[in-house]
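Raw contents of model-v1.cif, mmCIF, C-alpha atoms:
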```cif
data_input
#
loop_
_atom_site.label_atom_id
_atom_site.label_comp_id
_atom_site.auth_asym_id
_atom_site.auth_seq_id
_atom_site.Cartn_x
_atom_site.Cartn_y
_atom_site.Cartn_z
CA MET A 1 36.98 131.28 -159.89
CA ALA A 2 37.05 127.54 -160.35
CA PRO A 3 40.49 125.96 -160.01
CA LYS A 4 42.19 125.15 -163.28
CA GLU A 5 42.21 121.54 -164.26
CA ASN A 6 45.56 119.87 -164.65
CA LYS A 7 45.47 118.87 -168.31
CA ARG A 8 48.91 117.27 -168.17
CA GLU A 9 48.63 113.57 -168.91
CA LYS A 10 50.26 111.10 -166.59
CA ARG A 11 53.36 109.54 -168.03
CA GLY A 12 52.92 105.89 -168.94
CA SER A 13 55.19 103.12 -167.79
CA TYR A 14 58.54 102.77 -169.52
CA LYS A 15 59.20 99.79 -171.73
CA VAL A 16 62.33 97.84 -170.91
CA TYR A 17 64.37 96.42 -173.77
CA SER A 18 67.01 93.74 -173.31
CA ALA A 19 70.59 94.40 -174.45
CA ASP A 20 70.26 92.06 -177.49
CA LEU A 21 66.94 93.62 -178.59
CA ARG A 22 68.46 97.10 -178.30
CA ALA A 23 71.29 95.98 -180.59
CA LYS A 24 68.80 94.53 -183.13
CA ILE A 25 66.77 97.74 -183.19
CA GLY A 26 69.90 99.86 -183.61
CA LYS A 27 71.21 97.68 -186.51
CA HIS A 28 67.82 97.61 -188.23
CA ALA A 29 67.64 101.43 -188.02
CA VAL A 30 71.11 101.75 -189.60
CA ASP A 31 70.13 99.40 -192.45
CA ASN A 32 66.50 100.42 -193.04
CA GLY A 33 65.96 103.86 -191.53
CA VAL A 34 64.29 105.14 -188.38
CA ALA A 35 60.66 105.25 -189.58
CA CYS A 36 60.74 101.72 -190.99
CA THR A 37 62.31 100.34 -187.82
CA ALA A 38 59.77 102.11 -185.61
CA ARG A 39 56.91 100.41 -187.51
CA PHE A 40 58.66 97.03 -187.63
CA PHE A 41 59.35 96.83 -183.88
CA ASP A 42 56.38 98.99 -182.80
CA VAL A 43 58.70 101.43 -181.03
CA ARG A 44 58.67 105.21 -180.81
CA GLU A 45 60.90 106.95 -183.35
CA SER A 46 62.69 108.88 -180.59
CA THR A 47 63.70 105.57 -179.02
CA VAL A 48 64.89 104.22 -182.35
CA ARG A 49 67.00 107.31 -182.99
CA SER A 50 68.75 107.02 -179.61
CA LEU A 51 69.44 103.29 -180.16
CA LYS A 52 70.73 103.96 -183.66
CA LYS A 53 73.10 106.58 -182.26
CA ALA A 54 74.31 104.16 -179.57
CA TYR A 55 74.81 101.40 -182.15
CA LEU A 56 76.88 103.65 -184.43
CA LYS A 57 79.01 104.76 -181.47
CA ALA A 58 79.68 101.14 -180.56
CA LEU A 59 80.71 100.42 -184.16
CA GLU A 60 82.96 103.49 -184.16
CA ASN A 61 84.78 102.22 -181.07
CA ASP A 62 85.36 98.77 -182.65
CA PRO A 63 84.39 98.53 -186.38
CA SER A 64 85.39 94.87 -186.62
CA LYS A 65 83.13 93.80 -183.76
CA ASP A 66 79.73 92.21 -184.34
CA ILE A 67 77.45 94.21 -182.07
CA SER A 68 75.11 91.56 -180.64
CA GLU A 69 74.32 93.41 -177.40
CA LEU A 70 73.81 97.06 -176.60
CA PRO A 71 73.64 97.43 -172.80
CA LYS A 72 72.30 100.53 -171.12
CA GLY A 73 74.80 103.16 -170.08
CA ASP A 74 75.50 104.00 -166.46
CA ARG A 75 72.86 106.20 -164.89
CA GLY A 76 73.44 109.09 -162.50
CA ARG A 77 76.48 111.25 -162.03
CA PRO A 78 79.86 109.69 -162.77
CA LEU A 79 81.93 108.53 -159.81
CA VAL A 80 84.38 111.19 -158.61
CA LEU A 81 87.25 108.70 -158.44
CA GLY A 82 86.31 107.15 -161.78
CA LYS A 83 87.98 103.81 -162.48
CA TYR A 84 89.88 104.01 -159.18
CA ASP A 85 86.70 103.98 -157.11
CA GLU A 86 86.53 100.18 -157.15
CA GLU A 87 90.10 99.90 -155.85
CA VAL A 88 89.33 102.22 -152.94
CA LEU A 89 86.18 100.24 -152.09
CA ARG A 90 88.11 96.97 -152.20
CA LEU A 91 90.73 98.29 -149.78
CA VAL A 92 88.06 99.64 -147.42
CA LYS A 93 86.22 96.31 -147.44
CA LYS A 94 89.43 94.52 -146.57
CA ILE A 95 90.07 96.87 -143.64
CA GLU A 96 86.54 96.35 -142.35
CA ALA A 97 86.72 92.57 -142.76
CA ASP A 98 89.94 92.45 -140.72
CA GLY A 99 88.49 94.60 -137.93
CA GLY A 100 90.36 97.80 -138.83
CA ILE A 101 89.10 101.35 -138.24
CA VAL A 102 86.73 102.68 -140.90
CA ASN A 103 85.74 106.34 -140.80
CA SER A 104 85.65 109.31 -143.16
CA TRP A 105 89.27 110.28 -142.46
CA ILE A 106 90.49 106.76 -143.23
CA ILE A 107 88.50 106.82 -146.49
CA MET A 108 89.97 110.20 -147.44
CA SER A 109 93.48 108.97 -146.70
CA ILE A 110 93.10 105.81 -148.76
CA SER A 111 91.50 107.69 -151.66
CA LYS A 112 94.37 110.14 -151.75
CA ALA A 113 96.95 107.34 -151.55
CA VAL A 114 95.36 105.42 -154.44
CA LEU A 115 95.28 108.50 -156.68
CA MET A 116 98.84 109.43 -155.72
CA HIS A 117 99.89 105.92 -156.69
CA ARG A 118 97.85 105.57 -159.88
CA GLN A 119 97.43 109.08 -161.31
CA LYS A 120 98.31 111.95 -158.99
CA SER A 121 97.63 114.53 -161.71
CA LEU A 122 93.92 114.04 -160.96
CA LEU A 123 94.30 115.55 -157.48
CA ALA A 124 93.42 119.22 -157.01
CA GLU A 125 96.79 119.91 -155.34
CA PHE A 126 98.46 118.92 -158.62
CA GLY A 127 96.06 120.91 -160.81
CA GLY A 128 93.52 118.11 -161.31
CA PRO A 129 89.72 118.09 -160.85
CA ILE A 130 89.47 115.83 -157.76
CA ASP A 131 89.43 117.33 -154.27
CA ILE A 132 89.41 114.73 -151.50
CA THR A 133 86.75 115.95 -149.07
CA LYS A 134 84.56 114.55 -146.30
CA THR A 135 81.61 114.69 -148.69
CA LEU A 136 83.40 112.27 -151.03
CA ALA A 137 84.32 110.00 -148.11
CA LYS A 138 80.74 109.87 -146.81
CA SER A 139 79.48 109.11 -150.32
CA ILE A 140 81.81 106.10 -150.49
CA LEU A 141 80.70 104.93 -147.05
CA ARG A 142 77.04 105.17 -148.05
CA ARG A 143 77.67 103.11 -151.20
CA PHE A 144 79.54 100.65 -149.02
CA GLY A 145 76.32 100.14 -147.04
CA TYR A 146 77.04 102.32 -144.02
CA SER A 147 74.52 104.66 -142.44
CA LYS A 148 75.25 107.81 -140.47
CA THR A 149 73.83 107.72 -136.95
CA ARG A 150 74.24 110.38 -134.30
CA ASN A 151 75.85 109.15 -131.10
CA THR A 152 73.32 109.85 -128.35
CA LYS A 153 76.12 110.26 -125.79
CA SER A 154 77.73 113.01 -127.85
CA PHE A 155 74.79 115.23 -128.72
CA PRO A 156 75.89 118.84 -128.43
CA LYS A 157 74.42 120.21 -125.23
CA PRO A 158 71.70 122.75 -126.03
CA LEU A 159 72.24 126.37 -125.17
CA PRO A 160 70.26 127.16 -122.00
CA SER A 161 67.00 128.96 -122.62
CA ASN A 162 68.12 131.66 -120.18
CA PHE A 163 71.52 132.10 -121.84
CA SER A 164 71.15 135.90 -121.94
CA GLU A 165 70.68 136.03 -118.17
CA LEU A 166 73.54 133.61 -117.54
CA LYS A 167 75.87 135.58 -119.81
CA SER A 168 74.91 138.85 -118.14
CA SER A 169 75.54 137.35 -114.69
CA PHE A 170 78.90 135.94 -115.77
CA MET A 171 80.02 139.25 -117.28
CA SER A 172 78.92 141.06 -114.10
CA ASN A 173 81.05 138.72 -111.98
CA VAL A 174 84.06 139.37 -114.19
CA SER A 175 83.45 143.11 -114.07
CA GLU A 176 83.18 143.09 -110.25
CA TYR A 177 86.45 141.20 -109.82
CA VAL A 178 88.25 143.48 -112.27
CA LYS A 179 86.93 146.63 -110.57
CA GLU A 180 87.53 145.44 -107.01
CA TYR A 181 91.11 144.30 -107.57
CA ASP A 182 92.01 146.64 -110.44
CA ILE A 183 93.03 143.72 -112.66
CA PRO A 184 94.59 144.63 -116.04
CA ASN A 185 93.63 142.74 -119.20
CA SER A 186 97.02 141.03 -119.23
CA LEU A 187 96.06 139.24 -115.98
CA VAL A 188 92.57 138.17 -117.04
CA ILE A 189 93.36 134.67 -118.30
CA PHE A 190 91.09 132.05 -119.89
CA VAL A 191 91.99 128.37 -119.37
CA VAL A 192 90.45 125.30 -120.98
CA GLU A 193 91.17 121.56 -120.82
CA THR A 194 90.06 119.51 -123.82
CA SER A 195 90.24 115.78 -124.54
CA ILE A 196 91.52 115.05 -128.06
CA PRO A 197 91.44 111.66 -129.87
CA MET A 198 94.67 110.63 -131.54
CA VAL A 199 92.70 108.86 -134.29
CA PRO A 200 89.97 111.17 -135.66
CA GLY A 201 86.50 109.81 -135.14
CA GLY A 202 83.77 112.32 -134.45
CA ASN A 203 80.26 112.33 -133.05
CA TRP A 204 78.90 110.22 -135.88
CA SER A 205 78.69 106.44 -135.82
CA LEU A 206 79.20 104.69 -139.15
CA GLU A 207 77.51 101.29 -138.94
CA LYS A 208 75.94 98.91 -141.44
CA GLU A 209 72.39 99.88 -142.37
CA GLY A 210 69.89 97.89 -140.34
CA SER A 211 72.23 97.37 -137.38
CA ARG A 212 70.20 97.19 -134.18
CA GLN A 213 73.04 97.94 -131.80
CA LEU A 214 75.49 100.70 -132.64
CA THR A 215 79.07 100.85 -131.47
CA ILE A 216 80.53 104.32 -131.39
CA PRO A 217 84.14 104.35 -132.62
CA GLY A 218 86.39 106.34 -130.32
CA ILE A 219 83.99 106.66 -127.37
CA GLU A 220 85.86 103.99 -125.39
CA ASP A 221 89.07 104.44 -127.38
CA LYS A 222 92.07 104.93 -125.09
CA ARG A 223 94.00 106.59 -127.92
CA GLN A 224 93.28 110.05 -126.63
CA MET A 225 94.96 112.71 -124.56
CA THR A 226 94.10 116.06 -123.02
CA ILE A 227 95.53 119.45 -123.86
CA ALA A 228 95.28 122.44 -121.53
CA LEU A 229 95.44 125.91 -123.08
CA ALA A 230 95.74 129.31 -121.42
CA CYS A 231 95.45 132.73 -122.99
CA PRO A 232 95.31 136.25 -121.48
CA VAL A 233 92.69 138.56 -122.93
CA ASP A 234 95.30 140.88 -124.44
CA GLY A 235 97.91 138.30 -125.46
CA SER A 236 98.61 135.11 -127.36
CA LEU A 237 98.45 131.45 -126.38
CA MET A 238 100.83 130.33 -123.68
CA GLN A 239 102.79 127.10 -124.09
CA PRO A 240 100.25 124.31 -123.47
CA GLN A 241 100.09 121.35 -121.15
CA VAL A 242 99.63 117.87 -122.65
CA ILE A 243 98.31 115.06 -120.46
CA TYR A 244 98.55 111.34 -121.26
CA LYS A 245 96.84 108.39 -119.61
CA GLY A 246 99.11 106.50 -117.24
CA LYS A 247 100.56 106.36 -113.75
CA THR A 248 104.26 106.72 -114.59
CA ASP A 249 106.49 108.47 -117.10
CA ALA A 250 106.46 105.29 -119.19
CA CYS A 251 103.13 106.41 -120.68
CA LEU A 252 104.68 109.58 -122.15
CA PRO A 253 105.63 109.68 -125.85
CA LYS A 254 109.26 109.28 -126.83
CA TYR A 255 109.34 112.80 -128.24
CA GLN A 256 111.24 115.95 -127.32
CA PHE A 257 108.63 118.67 -126.78
CA PRO A 258 109.71 122.32 -127.16
CA GLU A 259 110.95 124.17 -124.13
CA GLY A 260 108.10 125.47 -122.00
CA TRP A 261 105.64 122.70 -122.86
CA VAL A 262 104.30 120.93 -119.77
CA VAL A 263 103.96 117.16 -120.16
CA SER A 264 101.97 115.27 -117.50
CA GLN A 265 100.25 111.95 -116.95
CA SER A 266 96.98 110.98 -115.29
CA SER A 267 95.03 107.76 -114.88
CA GLU A 268 91.62 109.40 -115.35
CA LEU A 269 89.47 109.23 -118.48
CA PRO A 270 87.99 110.68 -120.63
CA VAL A 271 89.30 114.13 -119.63
CA LEU A 272 92.58 113.43 -117.87
CA ALA A 273 92.90 116.75 -116.05
CA ASN A 274 92.79 116.56 -112.24
CA ALA A 275 94.08 118.52 -109.25
CA ASP A 276 97.66 117.35 -109.75
CA THR A 277 97.74 118.28 -113.45
CA ALA A 278 96.14 121.65 -112.65
CA LYS A 279 98.85 122.38 -110.03
CA CYS A 280 101.51 121.36 -112.55
CA PHE A 281 100.11 123.72 -115.21
CA LEU A 282 99.84 126.56 -112.71
CA THR A 283 103.36 126.05 -111.35
CA ASN A 284 105.15 125.68 -114.68
CA THR A 285 103.20 127.96 -117.04
CA ILE A 286 100.56 130.27 -115.59
CA ILE A 287 102.34 131.48 -112.42
CA PRO A 288 105.66 132.19 -114.23
CA TYR A 289 103.67 134.27 -116.73
CA ILE A 290 101.95 136.14 -113.90
CA LYS A 291 105.29 136.89 -112.20
CA SER A 292 106.68 138.25 -115.45
CA LYS A 293 103.78 140.71 -115.49
CA LEU A 294 104.07 141.60 -111.79
CA SER A 295 107.34 143.39 -112.49
CA GLU A 296 105.18 145.91 -114.28
CA GLN A 297 102.45 145.88 -111.59
CA LYS A 298 102.34 146.15 -107.81
CA ALA A 299 103.53 143.05 -105.96
CA GLU A 300 100.13 142.26 -104.40
CA GLN A 301 98.38 142.48 -107.76
CA ARG A 302 95.50 140.00 -108.20
CA THR A 303 95.02 137.75 -111.21
CA LEU A 304 91.68 136.48 -112.54
CA LEU A 305 91.57 132.99 -114.04
CA ILE A 306 88.41 132.03 -115.91
CA TRP A 307 88.72 128.28 -115.52
CA ASP A 308 86.04 125.59 -115.16
CA LEU A 309 87.63 123.58 -112.37
CA SER A 310 86.07 120.21 -111.59
CA ASN A 311 84.64 119.46 -108.14
CA GLN A 312 87.72 117.37 -107.40
CA GLN A 313 89.97 120.29 -108.25
CA LYS A 314 87.90 122.78 -106.27
CA GLU A 315 88.00 120.56 -103.16
CA ASN A 316 91.76 120.01 -103.32
CA ASP A 317 93.38 121.95 -100.45
CA ASP A 318 96.85 122.02 -102.02
CA LEU A 319 95.49 123.50 -105.24
CA GLN A 320 93.47 126.12 -103.40
CA ASP A 321 96.49 127.00 -101.26
CA LEU A 322 98.61 127.46 -104.40
CA LEU A 323 96.00 129.81 -105.86
CA ASN A 324 95.70 131.82 -102.63
CA ARG A 325 99.48 132.18 -102.17
CA ASN A 326 99.74 133.68 -105.65
CA ASN A 327 96.76 136.04 -105.31
CA ILE A 328 94.78 134.21 -108.01
CA GLU A 329 90.99 134.41 -108.15
CA VAL A 330 89.14 131.75 -110.15
CA ILE A 331 85.62 131.94 -111.56
CA GLY A 332 83.85 129.44 -113.81
CA ILE A 333 81.55 129.79 -116.79
CA PRO A 334 77.84 128.85 -116.50
CA GLY A 335 76.94 125.30 -117.51
CA ASN A 336 76.63 124.58 -121.26
CA CYS A 337 77.85 128.11 -122.06
CA ARG A 338 81.56 127.42 -122.41
CA GLU A 339 81.48 127.23 -126.21
CA HIS A 340 80.03 130.74 -126.32
CA LEU A 341 81.84 132.52 -123.49
CA ASN A 342 85.35 131.01 -123.46
CA PRO A 343 87.41 132.34 -126.41
CA LEU A 344 89.49 129.16 -126.44
CA GLU A 345 86.30 127.19 -127.10
CA VAL A 346 84.75 129.59 -129.61
CA LEU A 347 87.27 129.13 -132.43
CA VAL A 348 90.70 128.02 -131.18
CA ASN A 349 89.78 124.44 -130.25
CA GLN A 350 87.99 124.00 -133.58
CA HIS A 351 91.13 125.03 -135.48
CA TYR A 352 93.20 122.69 -133.34
CA VAL A 353 90.97 119.74 -134.21
CA VAL A 354 90.90 120.55 -137.95
CA LEU A 355 94.69 120.90 -138.10
CA LEU A 356 95.21 117.60 -136.27
CA GLU A 357 92.74 115.78 -138.53
CA LYS A 358 94.56 117.02 -141.61
CA GLU A 359 97.89 115.90 -140.16
CA PHE A 360 96.43 112.44 -139.51
CA GLN A 361 95.07 112.19 -143.06
CA SER A 362 98.40 113.17 -144.59
CA TRP A 363 100.34 110.74 -142.37
CA TYR A 364 97.98 107.82 -142.98
CA SER A 365 97.88 108.50 -146.73
CA ASP A 366 101.69 108.62 -146.96
CA ILE A 367 102.01 105.21 -145.29
CA VAL A 368 99.38 103.61 -147.56
CA LEU A 369 101.05 105.15 -150.61
CA GLU A 370 104.45 103.82 -149.55
CA ARG A 371 103.04 100.30 -149.21
CA LEU A 372 101.23 100.50 -152.55
CA LYS A 373 104.40 101.66 -154.28
CA GLY A 374 106.20 98.75 -152.64
CA GLY A 375 103.92 96.35 -154.48
CA GLU A 376 102.02 95.14 -151.44
CA THR A 377 98.50 93.86 -152.05
CA ASP A 378 95.38 94.74 -150.13
CA ASP A 379 95.54 91.40 -148.29
CA ASN A 380 97.42 93.08 -145.42
CA MET A 381 95.74 96.47 -145.71
CA ALA A 382 94.27 96.46 -142.21
CA THR A 383 97.68 96.04 -140.61
CA MET A 384 99.74 98.25 -142.93
CA VAL A 385 99.03 101.34 -140.78
CA ASP A 386 100.03 100.51 -137.23
CA LEU A 387 97.90 102.49 -134.77
CA ARG A 388 99.42 101.15 -131.58
CA LEU A 389 99.85 103.82 -128.91
CA SER A 390 103.60 103.29 -128.63
CA LEU A 391 103.99 104.31 -132.28
CA LEU A 392 101.12 106.78 -132.53
CA LYS A 393 101.98 108.94 -129.48
CA PRO A 394 105.26 110.45 -130.74
CA VAL A 395 103.80 111.10 -134.19
CA HIS A 396 100.71 112.73 -132.69
CA ALA A 397 102.95 114.81 -130.40
CA SER A 398 104.71 116.27 -133.45
CA TRP A 399 101.29 117.15 -134.89
CA LEU A 400 100.36 118.94 -131.65
CA VAL A 401 103.51 121.07 -131.78
CA LYS A 402 102.99 121.93 -135.44
CA SER A 403 99.30 122.78 -134.93
CA HIS A 404 100.04 124.95 -131.87
CA GLU A 405 102.68 126.93 -133.75
CA THR A 406 100.25 127.45 -136.63
CA ILE A 407 97.53 128.84 -134.36
CA VAL A 408 99.97 131.08 -132.46
CA ASN A 409 101.09 132.55 -135.79
CA GLN A 410 97.45 133.11 -136.78
CA SER A 411 96.80 135.70 -134.09
CA GLU A 412 93.63 136.85 -135.83
CA ILE A 413 91.93 133.58 -134.78
CA ILE A 414 92.54 134.34 -131.11
CA SER A 415 91.55 138.01 -131.49
CA GLN A 416 88.34 137.06 -133.29
CA SER A 417 87.50 134.47 -130.61
CA ILE A 418 87.93 137.01 -127.82
CA GLU A 419 85.86 139.58 -129.67
CA LEU A 420 83.00 137.13 -130.27
CA THR A 421 82.57 136.50 -126.53
CA GLY A 422 82.00 140.19 -125.79
CA ILE A 423 84.48 140.09 -122.90
CA LEU A 424 86.41 143.12 -124.22
CA ASN A 425 83.39 145.40 -123.81
CA THR A 426 82.93 144.18 -120.25
CA LEU A 427 86.57 144.81 -119.36
CA SER A 428 86.57 148.19 -121.04
CA ALA A 429 83.54 149.26 -119.00
CA ALA A 430 85.14 147.90 -115.81
CA HIS A 431 88.29 149.95 -116.37
CA THR A 432 86.37 153.13 -117.08
CA PRO A 433 86.17 155.41 -113.98
CA SER A 434 82.63 155.82 -112.60
#
```
Transcribe the structure of this file into structure tokens.
Amino acid sequence: MAPKENKREKRGSYKVYSADLRAKIGKHAVDNGVACTARFFDVRESTVRSLKKAYLKALENDPSKDISELPKGDRGRPLVLGKYDEEVLRLVKKIEADGGIVNSWIIMSISKAVLMHRQKSLLAEFGGPIDITKTLAKSILRRFGYSKTRNTKSFPKPLPSNFSELKSSFMSNVSEYVKEYDIPNSLVIFVVETSIPMVPGGNWSLEKEGSRQLTIPGIEDKRQMTIALACPVDGSLMQPQVIYKGKTDACLPKYQFPEGWVVSQSSELPVLANADTAKCFLTNTIIPYIKSKLSEQKAEQRTLLIWDLSNQQKENDDLQDLLNRNNIEVIGIPGNCREHLNPLEVLVNQHYVVLLEKEFQSWYSDIVLERLKGGETDDNMATMVDLRLSLLKPVHASWLVKSHETIVNQSEIISQSIELTGILNTLSAAHTPS
């Protein structure tokens, strides 16, 4: 069969009418009718009808006004922030012009502050239609002329092609240790050390379109710290260790952490953990936990830590001696597999980051709102939120404590993370008599 011909005619080019001509056509249609106007101006009747409708609507809004121009209406979807969109853009432009930080979380914070100041009933949390999301923030950044470019240094590392073999080998190692030393689930402990920025940034660079050289916000930012987490397979998160950059206690935040939290300092970036911080975490958190469990076990009971120690940590004699004296065996996770085999990486770290980002947004928004209510203009917008480390550290520390308590209370997150790794099946098989 021969293919059917496409009988649909191509659409012709649109005619463009100026605002004053549109007004003339609309007025003529009101006075003389649609058909007469279409012949007089040589315009389609459908066009005349739409212009007549627009003319009558303009008269309805202001009957005393002489309608000399009838401009086209706005095209596309209406702006989510409506009339407040321009104010948000103006504030963002001022921040950028003064060298301040501009990212999606800053945009979300400013948008929320403006609506809270102008008309908070529009916000979803007060029953309104507007939900401040990252999608909205990225839309504003695009209209502001920014483009979204992936940071080549922060590409997620691909899962190894032989992941199945690596996972099987890792699980076999765990099983062998558990069988050989008869290690209970309560003494199989996962540990992870993660660097966290105090000002949310992300793996995406937001730079002006056409920029040849991209700077990645936060990559060289010293406003970051490291948190170390430990969790036994059958328990909940232990109290964490937080590590700040510095050589003395002067670098630590002026904040009273809860009892049991380990606070350390290190001069190494980007991940601050080293042999000294590892010994500190072991001495103050992990070993006391192990001893509390040894009262239920035999004194020479072995413990298995699944911990990706760095080469520096592995080669440290004092650290290795501490592990040996406490009957602790350590095995690592295959390269680029940590996010799939360490429960603390599967879900827990993600929840930590999300909770901290939300805390930052709320804090930043509250400060902007306070300044707006105080009558301050956008001339000092870039400096109204002070992000100096001396002020940011104690605030961020309070966010860490709040986020940790939230995750501990959401035990299903930890249980789900452990289940997703498949480690429970391995341990169950290891404990089953041959």
Nearest candidate to Ile407 (chain A) (options A:Ser365, A:Ser236, A:Asn327, A:Ser186; using all atoms listed in the file): A:Ser236
Carefully work through the PyMOL selection byres ((chain A and resi 271-284) around 10) for this structure and note down the residues it includes, as number ranges by chain. A: 193-196, 224-230, 239-246, 260-270, 285-290, 309-320, 322-323
Residues from the last selection, C-alpha atoms, saved as an mmCIF file, keeping the file's coordinate frame:
```
data_model
loop_
_atom_site.group_PDB
_atom_site.id
_atom_site.type_symbol
_atom_site.label_atom_id
_atom_site.label_comp_id
_atom_site.auth_asym_id
_atom_site.auth_seq_id
_atom_site.Cartn_x
_atom_site.Cartn_y
_atom_site.Cartn_z
ATOM 1 C CA GLU A 193 91.170 121.560 -120.820
ATOM 2 C CA THR A 194 90.060 119.510 -123.820
ATOM 3 C CA SER A 195 90.240 115.780 -124.540
ATOM 4 C CA ILE A 196 91.520 115.050 -128.060
ATOM 5 C CA GLN A 224 93.280 110.050 -126.630
ATOM 6 C CA MET A 225 94.960 112.710 -124.560
ATOM 7 C CA THR A 226 94.100 116.060 -123.020
ATOM 8 C CA ILE A 227 95.530 119.450 -123.860
ATOM 9 C CA ALA A 228 95.280 122.440 -121.530
ATOM 10 C CA LEU A 229 95.440 125.910 -123.080
ATOM 11 C CA ALA A 230 95.740 129.310 -121.420
ATOM 12 C CA GLN A 239 102.790 127.100 -124.090
ATOM 13 C CA PRO A 240 100.250 124.310 -123.470
ATOM 14 C CA GLN A 241 100.090 121.350 -121.150
ATOM 15 C CA VAL A 242 99.630 117.870 -122.650
ATOM 16 C CA ILE A 243 98.310 115.060 -120.460
ATOM 17 C CA TYR A 244 98.550 111.340 -121.260
ATOM 18 C CA LYS A 245 96.840 108.390 -119.610
ATOM 19 C CA GLY A 246 99.110 106.500 -117.240
ATOM 20 C CA GLY A 260 108.100 125.470 -122.000
ATOM 21 C CA TRP A 261 105.640 122.700 -122.860
ATOM 22 C CA VAL A 262 104.300 120.930 -119.770
ATOM 23 C CA VAL A 263 103.960 117.160 -120.160
ATOM 24 C CA SER A 264 101.970 115.270 -117.500
ATOM 25 C CA GLN A 265 100.250 111.950 -116.950
ATOM 26 C CA SER A 266 96.980 110.980 -115.290
ATOM 27 C CA SER A 267 95.030 107.760 -114.880
ATOM 28 C CA GLU A 268 91.620 109.400 -115.350
ATOM 29 C CA LEU A 269 89.470 109.230 -118.480
ATOM 30 C CA PRO A 270 87.990 110.680 -120.630
ATOM 31 C CA THR A 285 103.200 127.960 -117.040
ATOM 32 C CA ILE A 286 100.560 130.270 -115.590
ATOM 33 C CA ILE A 287 102.340 131.480 -112.420
ATOM 34 C CA PRO A 288 105.660 132.190 -114.230
ATOM 35 C CA TYR A 289 103.670 134.270 -116.730
ATOM 36 C CA ILE A 290 101.950 136.140 -113.900
ATOM 37 C CA LEU A 309 87.630 123.580 -112.370
ATOM 38 C CA SER A 310 86.070 120.210 -111.590
ATOM 39 C CA ASN A 311 84.640 119.460 -108.140
ATOM 40 C CA GLN A 312 87.720 117.370 -107.400
ATOM 41 C CA GLN A 313 89.970 120.290 -108.250
ATOM 42 C CA LYS A 314 87.900 122.780 -106.270
ATOM 43 C CA GLU A 315 88.000 120.560 -103.160
ATOM 44 C CA ASN A 316 91.760 120.010 -103.320
ATOM 45 C CA ASP A 317 93.380 121.950 -100.450
ATOM 46 C CA ASP A 318 96.850 122.020 -102.020
ATOM 47 C CA LEU A 319 95.490 123.500 -105.240
ATOM 48 C CA GLN A 320 93.470 126.120 -103.400
ATOM 49 C CA LEU A 322 98.610 127.460 -104.400
ATOM 50 C CA LEU A 323 96.000 129.810 -105.860
#
```
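The nearest approach to Leu355 (chain A) among the residues A:Leu123, A:Thr37, A:Ser398, A:Leu115, with all atoms listed in the file taken into account, belongs to A:Ser398.
Separating CA of Arg325 (chain A) from CA of Met238 (chain A) is a distance of 21.6 Å.
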Hits from the PyMOL selection byres ((chain A and resi 49) around 10), listed as a PyMOL selection string: chain A and resi 25-26+29-30+33-35+37-38+44-48+50-55
Go ahead and save the residues from that selection, with C-alpha atoms, as a short mmCIF file (atom, residue, chain, number, x, y, z; two decimals), in the frame of the given file.
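After the write, selection-v2.cif holds the following:
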```cif
data_model
loop_
_atom_site.label_atom_id
_atom_site.label_comp_id
_atom_site.auth_asym_id
_atom_site.auth_seq_id
_atom_site.Cartn_x
_atom_site.Cartn_y
_atom_site.Cartn_z
CA ILE A 25 66.77 97.74 -183.19
CA GLY A 26 69.90 99.86 -183.61
CA ALA A 29 67.64 101.43 -188.02
CA VAL A 30 71.11 101.75 -189.60
CA GLY A 33 65.96 103.86 -191.53
CA VAL A 34 64.29 105.14 -188.38
CA ALA A 35 60.66 105.25 -189.58
CA THR A 37 62.31 100.34 -187.82
CA ALA A 38 59.77 102.11 -185.61
CA ARG A 44 58.67 105.21 -180.81
CA GLU A 45 60.90 106.95 -183.35
CA SER A 46 62.69 108.88 -180.59
CA THR A 47 63.70 105.57 -179.02
CA VAL A 48 64.89 104.22 -182.35
CA SER A 50 68.75 107.02 -179.61
CA LEU A 51 69.44 103.29 -180.16
CA LYS A 52 70.73 103.96 -183.66
CA LYS A 53 73.10 106.58 -182.26
CA ALA A 54 74.31 104.16 -179.57
CA TYR A 55 74.81 101.40 -182.15
#
```
Can you translate the PyMOL selection byres ((chain A and resi 426) around 8) into the concrete residues it hits in this file, as a ChimeraX atom specification? /A:171-172,174-175,422-425,427-430
Within-8 Å shell of (72.2, 92.1, -184.7) in input frame, only C-alpha atoms, as a list in words: Asp20, Ala23, Lys24, Ile25, Lys27, His28, Asp66, Ile67, Ser68 and Glu69 of chain A
Just the number, please: distance in Å from CA of Leu136 (chain A) to CA of Ile101 (chain A), one decimal.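 Spanning CA of Leu136 (chain A) to CA of Ile101 (chain A) is a straight-line distance of 17.8 Å.
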Counting all atoms listed in the file, what is within 9 Å of Pro184 (chain A), bar same-chain residues fewer than 6 positions away, as a VMD selection string? chain A and resid 178 303 427 431
Considering only C-alpha atoms, return as a list of chain:residue names whatever protein or nucleic-acid residues lie within 10 Å of region 358-361 of chain A, sequence-local ones (same chain, fewer than 4 positions apart) excluded.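 Listing them by chain and then by number gives A:Ser104, A:Trp105, A:Ile106, A:Ile107, A:Met108, A:Ser109, A:Ile110, A:Lys112, A:Ala113, A:Met198, A:Val199, A:Pro200, A:Val353, A:Val354, A:Ser365, A:Asp366, A:Val395, A:His396, A:Ser398, A:Trp399, A:Leu400, A:Lys402, A:Ser403.
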Tell me which protein, DNA and RNA residues are within 12 Å of Gln410 (chain A), counting all atoms listed in the file, leaving out same-chain ones fewer than 4 positions away, and put them as a PyMOL selection string. chain A and resi 236-237+347-348+351-352+403-406+414-417
